[in-house]
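Notes follow the structure.
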Amino acid sequence: MAIVEKVASHADERTVVMVLSDHGFESTYDHERGPEGFFIMAGGPVEHSAQRGRISIYDIAPTVLALLGVPVPDDMDGEVAGEMLPASFWEEHPLRNVPSYERSDRVIAVEPSSYMDEEVLDRL
């Protein structure tokens, strides 16, 4: 059984299965002579086609968000791989966007008190 059939056997009309390589896709880390990556998506609204275009590793997260009906942030790298789903899917589930999920009021770093520093050093 080919890998595509194996993946498809775990998918149904309510389940989308995605399989992707952990290498390839792009010239990540200056690995230009490395192998091409692969991405297989089956089930749910996905239509079978062996003639898909290239997809970036950065396109996976926005595509998953869109499939789940979660708005895709504008500041996220990558794009929704919309060509992998039929127009009827997008008519029923229009793509939604939000500017960002980052909060401007988030505390990035907290300076520990000198008491905490001494306590930690004592334990070490």
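Each chain of the structure tokens is named A, B, ... in the order shown, its residues numbered from 1; ligands are numbered from 1 in display order.
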Practice prompt. Find the spatial neighbours of Ala81 of chain A, counting only C-alpha atoms, within a cut-off of 8 Å - ignore same-chain residues fewer than 6 positions away - and output them as a PyMOL selection string.
Written response: chain A and resi 55+59-60+62-63
Hey, what's within 7 Å of segment 65-74 of chain A if we count only C-alpha atoms and toss same-chain stuff fewer than 3 positions away? As a PDB file with N, CA and C atoms, in the first residue's frame, please?
```
ATOM      1  N   ALA A  61       0.626  25.786   9.473  1.00  0.00           N
ATOM      2  CA  ALA A  61      -0.139  26.321  10.612  1.00  0.00           C
ATOM      3  C   ALA A  61      -1.340  27.150  10.161  1.00  0.00           C
ATOM      4  N   PRO A  62      -1.196  28.086   9.224  1.00  0.00           N
ATOM      5  CA  PRO A  62      -2.386  28.831   8.800  1.00  0.00           C
ATOM      6  C   PRO A  62      -3.445  27.936   8.151  1.00  0.00           C
ATOM      7  N   LEU A  95     -12.742  32.187   4.900  1.00  0.00           N
ATOM      8  CA  LEU A  95     -11.501  32.445   5.634  1.00  0.00           C
ATOM      9  C   LEU A  95     -11.658  33.718   6.452  1.00  0.00           C
ATOM     10  N   ARG A  96     -11.302  33.611   7.720  1.00  0.00           N
ATOM     11  CA  ARG A  96     -11.354  34.777   8.609  1.00  0.00           C
ATOM     12  C   ARG A  96      -9.941  35.109   9.068  1.00  0.00           C
ATOM     13  N   ASN A  97      -9.696  36.385   9.275  1.00  0.00           N
ATOM     14  CA  ASN A  97      -8.385  36.849   9.722  1.00  0.00           C
ATOM     15  C   ASN A  97      -8.532  37.741  10.941  1.00  0.00           C
ATOM     16  N   VAL A  98      -7.466  37.804  11.717  1.00  0.00           N
ATOM     17  CA  VAL A  98      -7.339  38.754  12.820  1.00  0.00           C
ATOM     18  C   VAL A  98      -5.961  39.395  12.664  1.00  0.00           C
ATOM     19  N   PRO A  99      -5.793  40.610  13.165  1.00  0.00           N
ATOM     20  CA  PRO A  99      -4.478  41.257  13.026  1.00  0.00           C
ATOM     21  C   PRO A  99      -3.354  40.453  13.678  1.00  0.00           C
ATOM     22  N   SER A 100      -3.600  39.961  14.913  1.00  0.00           N
ATOM     23  CA  SER A 100      -2.556  39.240  15.640  1.00  0.00           C
ATOM     24  C   SER A 100      -3.171  38.572  16.857  1.00  0.00           C
ATOM     25  N   TYR A 101      -2.490  37.564  17.361  1.00  0.00           N
ATOM     26  CA  TYR A 101      -2.862  36.987  18.642  1.00  0.00           C
ATOM     27  C   TYR A 101      -1.906  37.453  19.739  1.00  0.00           C
TER      28      TYR A 101
END
```
Discussion item. Using only C-alpha atoms, can you tell me which of A:Val17, A:Ile40, A:Gly82, A:Met76 comes closest to Ala2 of chain A?
Written reply: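 Under the stated criterion, the closest residue is A:Ile40.
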Discussion item. When you count only C-alpha atoms, which of these residues is closest to Met41 of chain A: A:Phe89, A:Met84, A:Asp75, A:Ser9?
Written reply: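 The closest residue to Met41 of chain A is A:Met84.
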Discussion item. Taking only C-alpha atoms into account, name the residue in A:Ala8, A:Glu79, A:Glu91, A:Val16 that is nearest to Pro45 of chain A.
Written reply: A:Val16
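With distances restricted to only C-alpha atoms, A:Ala42 is the closest residue to Lys6 of chain A from A:Val64, A:Leu20, A:Ala87, A:Ala42.
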